[in-house]
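Here is the file input20.csv (CSV, C-alpha atoms).
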chain,number,residue,atom,x,y,z
A,27,MET,CA,-13.7,6.4,26.6
A,28,LYS,CA,-10.6,8.1,27.9
A,29,ASN,CA,-7.5,8.3,25.8
A,30,SER,CA,-5.7,5.9,28.1
A,31,ASP,CA,-8.5,3.4,27.8
A,32,ILE,CA,-8.5,3.7,24.0
A,33,LYS,CA,-4.7,3.2,23.9
A,34,ASP,CA,-5.0,0.1,26.1
A,35,LEU,CA,-7.7,-1.3,23.8
A,36,LEU,CA,-5.7,-0.6,20.7
A,37,ASP,CA,-2.5,-2.1,22.2
A,38,VAL,CA,-4.3,-5.3,23.0
A,39,LYS,CA,-6.0,-5.6,19.6
A,40,TYR,CA,-2.7,-4.7,17.9
A,41,LEU,CA,-1.0,-7.7,19.5
A,42,HIS,CA,-4.1,-9.9,18.7
A,43,PHE,CA,-4.1,-9.1,15.0
A,44,ASN,CA,-0.5,-8.4,14.2
A,45,ASN,CA,0.7,-12.0,14.0
A,46,ILE,CA,1.6,-14.6,11.4
A,47,GLY,CA,-1.9,-15.9,11.3
A,48,PHE,CA,-3.0,-12.5,9.9
A,49,ILE,CA,-0.9,-13.1,6.8
A,50,GLU,CA,-2.8,-16.0,5.4
A,51,LYS,CA,-6.0,-14.2,4.7
A,52,ASP,CA,-4.5,-10.8,3.8
A,53,PRO,CA,-3.1,-9.4,0.5
A,54,ILE,CA,0.3,-9.1,2.2
A,55,SER,CA,0.5,-12.9,1.8
A,56,ILE,CA,1.3,-12.4,-1.9
A,57,PRO,CA,4.7,-10.6,-1.4
A,58,HIS,CA,5.4,-12.9,1.5
A,59,GLN,CA,6.0,-15.6,-1.2
A,60,PHE,CA,9.4,-13.8,-1.9
A,61,THR,CA,12.6,-12.9,-0.1
A,62,THR,CA,14.3,-10.6,-2.7
A,63,LYS,CA,13.7,-6.9,-2.1
A,64,THR,CA,12.7,-6.0,-5.6
A,65,ASP,CA,10.4,-9.1,-5.9
A,66,ILE,CA,8.7,-8.0,-2.7
A,67,GLU,CA,8.4,-4.4,-3.9
A,68,ILE,CA,7.0,-5.2,-7.4
A,69,ILE,CA,4.4,-7.8,-6.5
A,70,GLY,CA,3.6,-5.9,-3.2
A,71,PHE,CA,2.9,-2.7,-5.2
A,72,LEU,CA,0.8,-4.5,-7.8
A,73,THR,CA,-1.1,-6.4,-5.0
A,74,ALA,CA,-1.8,-3.2,-3.1
A,75,THR,CA,-3.1,-1.7,-6.3
A,76,LEU,CA,-5.6,-4.5,-6.6
A,77,ALA,CA,-6.5,-4.4,-2.9
A,78,TRP,CA,-10.1,-3.4,-2.9
A,79,GLY,CA,-13.1,-5.6,-2.6
A,80,GLN,CA,-13.3,-9.0,-0.9
A,81,ARG,CA,-10.0,-10.3,0.3
A,82,PRO,CA,-10.4,-13.8,-1.2
A,83,VAL,CA,-11.0,-12.3,-4.6
A,84,ILE,CA,-8.0,-9.9,-4.2
A,85,LEU,CA,-5.8,-12.9,-3.3
A,86,SER,CA,-7.0,-14.8,-6.3
A,87,LYS,CA,-6.4,-12.0,-8.8
A,88,ALA,CA,-3.0,-11.2,-7.3
A,89,ASN,CA,-2.0,-14.8,-7.7
A,90,GLN,CA,-3.3,-14.8,-11.2
A,91,LEU,CA,-1.2,-11.7,-12.0
A,92,LEU,CA,1.8,-13.3,-10.4
A,93,GLY,CA,1.3,-16.4,-12.6
A,94,LEU,CA,1.2,-14.3,-15.7
A,95,MET,CA,4.6,-12.8,-14.6
A,96,ASP,CA,6.0,-16.4,-14.5
A,97,HIS,CA,6.3,-16.1,-10.7
A,98,SER,CA,9.4,-13.9,-11.2
A,99,PRO,CA,8.3,-10.3,-10.7
A,100,THR,CA,11.8,-8.6,-11.0
A,101,GLU,CA,13.0,-10.8,-13.9
A,102,PHE,CA,9.7,-10.2,-15.8
A,103,ILE,CA,9.5,-6.5,-15.3
A,104,ARG,CA,13.1,-5.9,-16.3
A,105,GLY,CA,13.0,-8.2,-19.3
A,106,PHE,CA,9.6,-8.3,-20.9
A,107,LYS,CA,9.0,-7.3,-24.5
A,108,LYS,CA,5.8,-5.8,-25.8
A,109,ALA,CA,4.8,-9.2,-27.3
A,110,ASP,CA,4.9,-10.7,-23.8
A,111,LEU,CA,2.1,-8.4,-22.7
A,112,LYS,CA,-0.5,-10.1,-24.9
A,113,LYS,CA,-1.3,-12.7,-22.1
A,114,PHE,CA,-2.5,-9.8,-19.9
A,115,ARG,CA,-5.2,-8.8,-22.2
A,116,ASN,CA,-7.9,-10.7,-20.4
A,117,PHE,CA,-6.8,-9.7,-16.9
A,118,LYS,CA,-9.4,-7.7,-15.0
A,119,HIS,CA,-10.2,-6.9,-11.3
A,120,ARG,CA,-13.2,-4.7,-10.8
A,121,THR,CA,-12.4,-1.5,-12.7
A,122,PHE,CA,-8.7,-2.4,-13.1
A,123,ASN,CA,-8.7,-3.8,-16.6
A,124,GLU,CA,-6.2,-5.0,-19.2
A,125,VAL,CA,-5.4,-1.4,-20.3
A,126,ASP,CA,-4.5,-0.4,-16.7
A,127,CYS,CA,-2.6,-3.6,-16.1
A,128,ILE,CA,-0.4,-3.2,-19.1
A,129,ALA,CA,0.1,0.5,-18.3
A,130,PHE,CA,1.3,-0.4,-14.8
A,131,LEU,CA,3.7,-3.1,-16.0
A,132,MET,CA,5.2,-0.7,-18.6
A,133,ALA,CA,5.5,2.1,-16.0
A,134,LEU,CA,7.3,-0.3,-13.6
A,135,GLN,CA,9.7,-1.3,-16.4
A,136,HIS,CA,10.4,2.3,-17.2
A,137,ILE,CA,11.1,3.0,-13.5
A,138,PHE,CA,13.5,0.1,-13.2
A,139,MET,CA,15.5,1.4,-16.2
A,140,GLU,CA,16.4,4.4,-14.1
A,141,PHE,CA,16.3,3.1,-10.5
A,142,GLU,CA,17.7,-0.1,-8.8
A,143,CYS,CA,14.5,-0.5,-6.7
A,144,LEU,CA,11.1,1.0,-6.0
A,145,GLU,CA,12.4,2.6,-2.8
A,146,ASP,CA,14.8,4.7,-4.7
A,147,ALA,CA,12.2,5.6,-7.3
A,148,PHE,CA,9.7,6.6,-4.5
A,149,CYS,CA,12.1,8.7,-2.5
A,150,GLY,CA,14.1,10.1,-5.4
A,151,LYS,CA,17.8,10.9,-5.4
A,152,ASN,CA,17.9,13.8,-3.1
A,153,ASN,CA,15.9,16.0,-0.6
A,154,TYR,CA,13.4,13.3,0.3
A,155,GLU,CA,14.2,13.8,4.0
A,156,ASN,CA,12.6,17.2,4.0
A,157,LEU,CA,9.3,16.3,2.2
A,158,ASP,CA,6.0,15.3,3.7
A,159,LEU,CA,4.7,11.8,2.8
A,160,ASN,CA,1.9,13.3,0.7
A,161,VAL,CA,4.4,15.1,-1.4
A,162,LEU,CA,6.6,12.0,-1.8
A,163,ILE,CA,3.5,10.0,-2.9
A,164,SER,CA,2.5,12.7,-5.4
A,165,ARG,CA,6.0,13.0,-6.8
A,166,PHE,CA,6.2,9.2,-7.2
A,167,ARG,CA,2.9,9.2,-9.0
A,168,THR,CA,4.1,11.8,-11.4
A,169,ARG,CA,7.3,9.8,-12.1
A,170,PHE,CA,5.2,6.6,-12.5
A,171,PHE,CA,3.0,8.0,-15.2
A,172,GLN,CA,5.8,9.5,-17.3
A,173,ILE,CA,5.2,6.9,-19.9
A,174,GLU,CA,2.5,7.2,-22.5
A,175,HIS,CA,-0.7,5.9,-21.0
A,176,GLU,CA,-4.5,6.3,-21.1
A,177,TYR,CA,-5.8,8.8,-18.6
A,178,ARG,CA,-8.2,6.2,-17.1
A,179,SER,CA,-5.2,4.3,-15.6
A,180,GLU,CA,-4.3,7.3,-13.3
A,181,LYS,CA,-7.3,6.7,-11.0
A,182,HIS,CA,-5.6,3.5,-9.8
A,183,LEU,CA,-2.8,5.4,-8.2
A,184,SER,CA,-4.4,8.3,-6.4
A,185,ASP,CA,-2.8,11.7,-5.5
A,186,PRO,CA,-3.1,12.9,-1.9
A,187,LEU,CA,-2.4,16.5,-3.0
A,188,THR,CA,-5.9,16.4,-4.6
A,189,GLY,CA,-7.4,15.2,-1.3
A,190,SER,CA,-7.4,11.4,-1.8
A,191,ALA,CA,-6.9,9.2,1.2
A,192,VAL,CA,-4.6,7.0,-0.9
A,193,LYS,CA,-5.5,3.9,1.2
A,194,ARG,CA,-3.7,1.4,-1.1
A,195,ILE,CA,-0.4,3.3,-1.4
A,196,ASN,CA,-0.4,4.0,2.4
A,197,MET,CA,-0.9,0.2,2.9
A,198,PHE,CA,1.9,-0.6,0.6
A,199,LEU,CA,4.2,1.9,2.4
A,200,ARG,CA,3.3,0.2,5.7
A,201,TRP,CA,4.3,-3.1,4.3
A,202,MET,CA,7.7,-1.8,3.1
A,203,VAL,CA,8.7,0.6,5.9
A,204,ARG,CA,7.5,-0.9,9.2
A,205,LYS,CA,10.1,-2.9,11.1
A,206,ASP,CA,7.8,-5.6,12.5
A,207,SER,CA,9.2,-8.1,15.0
A,208,TYR,CA,6.1,-10.2,14.5
A,209,GLY,CA,6.9,-11.0,10.9
A,210,VAL,CA,3.9,-9.4,9.1
A,211,ASP,CA,5.3,-6.1,7.6
A,212,PHE,CA,8.6,-6.4,5.8
A,213,GLY,CA,10.5,-3.3,6.9
A,214,ILE,CA,12.9,-3.4,3.9
A,215,TRP,CA,12.8,0.3,3.2
A,216,ASN,CA,15.0,2.6,5.3
A,217,LYS,CA,14.7,6.1,3.7
A,218,ILE,CA,11.2,6.7,5.1
A,219,LYS,CA,10.8,6.6,8.9
A,220,MET,CA,7.9,4.6,10.5
A,221,SER,CA,6.9,7.8,12.3
A,222,GLN,CA,6.2,9.4,8.8
A,223,LEU,CA,3.7,6.7,7.8
A,224,MET,CA,0.0,7.5,7.5
A,225,LEU,CA,-2.9,5.3,8.3
A,226,PRO,CA,-4.3,3.3,5.4
A,227,LEU,CA,-7.8,4.6,6.0
A,228,ASP,CA,-10.6,2.4,4.7
A,229,VAL,CA,-14.3,1.6,5.6
A,230,HIS,CA,-13.3,-0.8,8.4
A,231,SER,CA,-10.6,1.3,10.1
A,232,GLY,CA,-12.6,4.5,9.6
A,233,ARG,CA,-15.8,3.0,11.2
A,234,VAL,CA,-13.9,1.9,14.3
A,235,ALA,CA,-11.8,5.1,14.5
A,236,ARG,CA,-15.0,7.1,14.5
A,237,ALA,CA,-16.7,4.9,17.1
A,238,LEU,CA,-13.7,5.4,19.4
A,239,GLY,CA,-13.7,9.2,18.8
A,240,LEU,CA,-10.3,9.2,17.0
A,241,LEU,CA,-11.9,10.6,13.9
A,242,LYS,CA,-14.6,13.1,13.6
A,243,ARG,CA,-14.4,13.9,9.9
A,244,ARG,CA,-17.1,12.0,8.0
A,245,GLN,CA,-15.3,11.9,4.6
A,246,ASP,CA,-12.5,9.4,4.0
A,247,ASP,CA,-9.9,11.7,2.5
A,248,TRP,CA,-6.4,13.0,3.2
A,249,THR,CA,-7.7,15.4,5.8
A,250,ALA,CA,-9.2,12.5,7.7
A,251,VAL,CA,-6.1,10.4,7.3
A,252,LYS,CA,-4.1,13.2,8.9
A,253,GLU,CA,-6.6,13.7,11.7
A,254,VAL,CA,-6.7,10.0,12.8
A,255,THR,CA,-2.9,9.5,12.3
A,256,MET,CA,-2.2,12.5,14.5
A,257,LYS,CA,-4.3,10.9,17.2
A,258,LEU,CA,-2.5,7.6,16.9
A,259,GLN,CA,0.9,9.4,17.0
A,260,LYS,CA,0.0,10.4,20.6
A,261,PHE,CA,-0.2,6.7,21.5
A,262,ASP,CA,3.0,5.7,19.7
A,263,PRO,CA,5.0,8.6,18.1
A,264,GLU,CA,7.5,6.2,16.5
A,265,ASP,CA,5.1,3.7,15.1
A,266,PRO,CA,1.6,5.2,14.8
A,267,VAL,CA,0.3,3.0,12.0
A,268,LYS,CA,0.9,-0.2,13.9
A,269,TYR,CA,-2.7,0.5,15.1
A,270,ASP,CA,-3.9,-0.1,11.6
A,271,PHE,CA,-3.9,-3.8,12.6
A,272,ALA,CA,-6.2,-3.0,15.6
A,273,LEU,CA,-8.6,-0.7,13.7
A,274,PHE,CA,-8.9,-2.8,10.6
A,275,GLY,CA,-9.0,-6.0,12.5
A,276,MET,CA,-11.8,-4.9,14.8
A,277,GLY,CA,-13.8,-3.6,11.8
A,278,ALA,CA,-13.2,-6.5,9.4
A,279,GLU,CA,-13.9,-9.1,12.1
A,280,ASN,CA,-16.7,-7.2,13.7
A,281,ASP,CA,-14.7,-7.5,16.9
A,282,PHE,CA,-15.8,-4.2,18.4
Can I see the file as structure tokens?
Amino acid sequence: MKNSDIKDLLDVKYLHFNNIGFIEKDPISIPHQFTTKTDIEIIGFLTATLAWGQRPVILSKANQLLGLMDHSPTEFIRGFKKADLKKFRNFKHRTFNEVDCIAFLMALQHIFMEFECLEDAFCGKNNYENLDLNVLISRFRTRFFQIEHEYRSEKHLSDPLTGSAVKRINMFLRWMVRKDSYGVDFGIWNKIKMSQLMLPLDVHSGRVARALGLLKRRQDDWTAVKEVTMKLQKFDPEDPVKYDFALFGMGAENDF
């Protein structure tokens, strides 16, 4: 296919999948239960962390986690005591177990002791404009794991500087950063530009991207993320990851 034909296809599929109907079956439906910025950030981050496997299971586990937080993410994170964490001891989603869950909750509380919101924690207090997204992600990861924790928990927040595709954090950033007139992504962060976002590459989007010739690298890593995102930037320099809806949707729905 010619590039113009690929762009036309992706534009059509973007409009098809980027709509309110998409929300119901997607993990983004969990933060859509809230309107306050920090509530959306906190439960959005935790939901994205759980977002691997079958979507119905992800939704079930994210809602379970939300219930354990008394359906008040910001209030819970800012105010919980160690004794309040006992109820999370049976929480488990795939390899994300009670140890990881408690580590993430404690890390979030530690962050909110210093920062007003996750956007500030992610971007830092200065110089963020001059840093590539992979550096920002890696720096946030270092800040996140400043608390005492077991090493095993680190695998649930990957580092792009070691080559990881960081699909889940890129998806979370899409949710927070993209200004979406169709009401799916939130667009509540302003310090990162939409043009800086990178594709949340997964098995579905990768399969379709390779079939379309947008991605030649076989391994799903940060190099592949850069390769496919650079291709998408040619179609829309200001909002390249809007095509995540098209690539993921076609792959997940076998609509290709």
Quiz item: Near region 82-85 of chain A, within 7 Å and counting all atoms listed in the file, which residues show up once chain neighbours fewer than 5 positions away are dropped, as number ranges by chain?
Solution: A: 53, 76-77
Exercise. Give the answer as one residue: which of A:Ile54, A:Met95, A:Ile214, A:Ala88 has the shortest atom-to-atom distance to Asp110 (chain A), using all atoms listed in the file?
Key: A:Met95
Quiz item: CA of Leu187 (chain A) and CA of Gln245 (chain A), how far apart in Å?
Solution: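 These atoms are spaced 15.7 Å apart.
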Excluding same-chain residues fewer than 4 positions from Thr64 (chain A), what lies within 12 Å of it counting only C-alpha atoms, as a PDB file with C-alpha atoms, in the coordinates of the input?
ATOM      1  CA  PRO A  57       4.700 -10.600  -1.400  1.00  0.00           C
ATOM      2  CA  PHE A  60       9.400 -13.800  -1.900  1.00  0.00           C
ATOM      3  CA  ILE A  68       7.000  -5.200  -7.400  1.00  0.00           C
ATOM      4  CA  ILE A  69       4.400  -7.800  -6.500  1.00  0.00           C
ATOM      5  CA  GLY A  70       3.600  -5.900  -3.200  1.00  0.00           C
ATOM      6  CA  PHE A  71       2.900  -2.700  -5.200  1.00  0.00           C
ATOM      7  CA  SER A  98       9.400 -13.900 -11.200  1.00  0.00           C
ATOM      8  CA  PRO A  99       8.300 -10.300 -10.700  1.00  0.00           C
ATOM      9  CA  THR A 100      11.800  -8.600 -11.000  1.00  0.00           C
ATOM     10  CA  GLU A 101      13.000 -10.800 -13.900  1.00  0.00           C
ATOM     11  CA  PHE A 102       9.700 -10.200 -15.800  1.00  0.00           C
ATOM     12  CA  ILE A 103       9.500  -6.500 -15.300  1.00  0.00           C
ATOM     13  CA  ARG A 104      13.100  -5.900 -16.300  1.00  0.00           C
ATOM     14  CA  LEU A 134       7.300  -0.300 -13.600  1.00  0.00           C
ATOM     15  CA  PHE A 138      13.500   0.100 -13.200  1.00  0.00           C
ATOM     16  CA  PHE A 141      16.300   3.100 -10.500  1.00  0.00           C
ATOM     17  CA  GLU A 142      17.700  -0.100  -8.800  1.00  0.00           C
ATOM     18  CA  CYS A 143      14.500  -0.500  -6.700  1.00  0.00           C
ATOM     19  CA  LEU A 144      11.100   1.000  -6.000  1.00  0.00           C
ATOM     20  CA  GLU A 145      12.400   2.600  -2.800  1.00  0.00           C
ATOM     21  CA  ASP A 146      14.800   4.700  -4.700  1.00  0.00           C
ATOM     22  CA  ALA A 147      12.200   5.600  -7.300  1.00  0.00           C
ATOM     23  CA  MET A 202       7.700  -1.800   3.100  1.00  0.00           C
ATOM     24  CA  ILE A 214      12.900  -3.400   3.900  1.00  0.00           C
ATOM     25  CA  TRP A 215      12.800   0.300   3.200  1.00  0.00           C
TER      26      TRP A 215
END
Quiz item: Which of these, A:Thr168, A:Ser55, A:Asn116, A:Gln259, has the shortest distance to Asn89 (chain A) once you count all atoms listed in the file?
Solution: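 Distance minimum relative to Asn89 (chain A) lands on A:Ser55.
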Quiz item: Between A:Gln172, A:Ser207, A:Asn160, A:Ser221, which is the closest to Trp248 (chain A) once you count only C-alpha atoms?
Solution: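 Ranking A:Gln172, A:Ser207, A:Asn160, A:Ser221 by distance to Trp248 (chain A), first place goes to A:Asn160.
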Quiz item: Which one of A:Arg120, A:Lys87, A:Arg165, A:Lys242 sits closest to Ser184 (chain A) if you count only C-alpha atoms?
Solution: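 Using only C-alpha atoms, the shortest distance to Ser184 (chain A) belongs to A:Arg165.
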Could you check which residues have any atom within 12 Å of (-4.2, 0.4, 2.2), counting all atoms listed in the file with coordinates taken straight from the file, and then list them as a CSV table (one decimal) with C-alpha atoms, in the coordinates of the input?
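Written file, point-v8.csv:
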chain,number,residue,atom,x,y,z
A,52,ASP,CA,-4.5,-10.8,3.8
A,53,PRO,CA,-3.1,-9.4,0.5
A,54,ILE,CA,0.3,-9.1,2.2
A,70,GLY,CA,3.6,-5.9,-3.2
A,71,PHE,CA,2.9,-2.7,-5.2
A,73,THR,CA,-1.1,-6.4,-5.0
A,74,ALA,CA,-1.8,-3.2,-3.1
A,75,THR,CA,-3.1,-1.7,-6.3
A,76,LEU,CA,-5.6,-4.5,-6.6
A,77,ALA,CA,-6.5,-4.4,-2.9
A,78,TRP,CA,-10.1,-3.4,-2.9
A,79,GLY,CA,-13.1,-5.6,-2.6
A,183,LEU,CA,-2.8,5.4,-8.2
A,184,SER,CA,-4.4,8.3,-6.4
A,191,ALA,CA,-6.9,9.2,1.2
A,192,VAL,CA,-4.6,7.0,-0.9
A,193,LYS,CA,-5.5,3.9,1.2
A,194,ARG,CA,-3.7,1.4,-1.1
A,195,ILE,CA,-0.4,3.3,-1.4
A,196,ASN,CA,-0.4,4.0,2.4
A,197,MET,CA,-0.9,0.2,2.9
A,198,PHE,CA,1.9,-0.6,0.6
A,199,LEU,CA,4.2,1.9,2.4
A,200,ARG,CA,3.3,0.2,5.7
A,201,TRP,CA,4.3,-3.1,4.3
A,223,LEU,CA,3.7,6.7,7.8
A,224,MET,CA,0.0,7.5,7.5
A,225,LEU,CA,-2.9,5.3,8.3
A,226,PRO,CA,-4.3,3.3,5.4
A,227,LEU,CA,-7.8,4.6,6.0
A,228,ASP,CA,-10.6,2.4,4.7
A,229,VAL,CA,-14.3,1.6,5.6
A,230,HIS,CA,-13.3,-0.8,8.4
A,231,SER,CA,-10.6,1.3,10.1
A,232,GLY,CA,-12.6,4.5,9.6
A,251,VAL,CA,-6.1,10.4,7.3
A,267,VAL,CA,0.3,3.0,12.0
A,270,ASP,CA,-3.9,-0.1,11.6
A,271,PHE,CA,-3.9,-3.8,12.6
A,274,PHE,CA,-8.9,-2.8,10.6
Would you kindly return, as a compact mmCIF listing (two decimals) with C-alpha atoms, in the frame of the given file, each protein, DNA or RNA residue with an atom no farther than 9 Å from any atom of Gln222 (chain A), considering all atoms listed in the file and excluding same-chain residues fewer than 3 positions away?
# COMPACT_ATOMS: atom_id res chain seq x y z
CA ASP A 158 6.00 15.30 3.70
CA LEU A 159 4.70 11.80 2.80
CA ILE A 218 11.20 6.70 5.10
CA LYS A 219 10.80 6.60 8.90
CA GLU A 264 7.50 6.20 16.50
CA ASP A 265 5.10 3.70 15.10
CA PRO A 266 1.60 5.20 14.80
Quiz item: Which distance in Å separates CA of Gly239 (chain A) and CA of Val38 (chain A), to one decimal?
Solution: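 Here the two named atoms are 17.8 Å from each other.
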Exercise. State, in Å with one decimal place, the distance from CA of Leu238 (chain A) to CA of Lys33 (chain A).
Key: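 Separating CA of Leu238 (chain A) from CA of Lys33 (chain A) is a distance of 10.3 Å.
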Quiz item: With distances taken over only C-alpha atoms, which of A:Lys151, A:His58, A:His182, A:Lys107 is nearest to Gln135 (chain A)?
Solution: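 Ranked by minimum distance to Gln135 (chain A), first place goes to A:Lys107.
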Practice problem: Would you kindly return, as an NGL selection string, each protein, DNA or RNA residue with an atom no farther than 12 Å from any atom of Lys113 (chain A), considering all atoms listed in the file and excluding same-chain residues fewer than 4 positions away? | Solution: :A and (90-91 or 93-96 or 106-109 or 117-118 or 124 or 127-128)
Quiz item: Which one is closest to Ser190 (chain A): A:Asp246, A:Glu279, A:Glu155, A:Asp211? Count all atoms listed in the file.
Solution: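 Ranking A:Asp246, A:Glu279, A:Glu155, A:Asp211 by distance to Ser190 (chain A), first place goes to A:Asp246.
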Quiz prompt | Long-range neighbours of Ala272 (chain A) as a ChimeraX atom specification, 7 Å cut-off, all atoms listed in the file, 3 positions minimum in chain | solution = /A:36,39-40,43,269,275-276
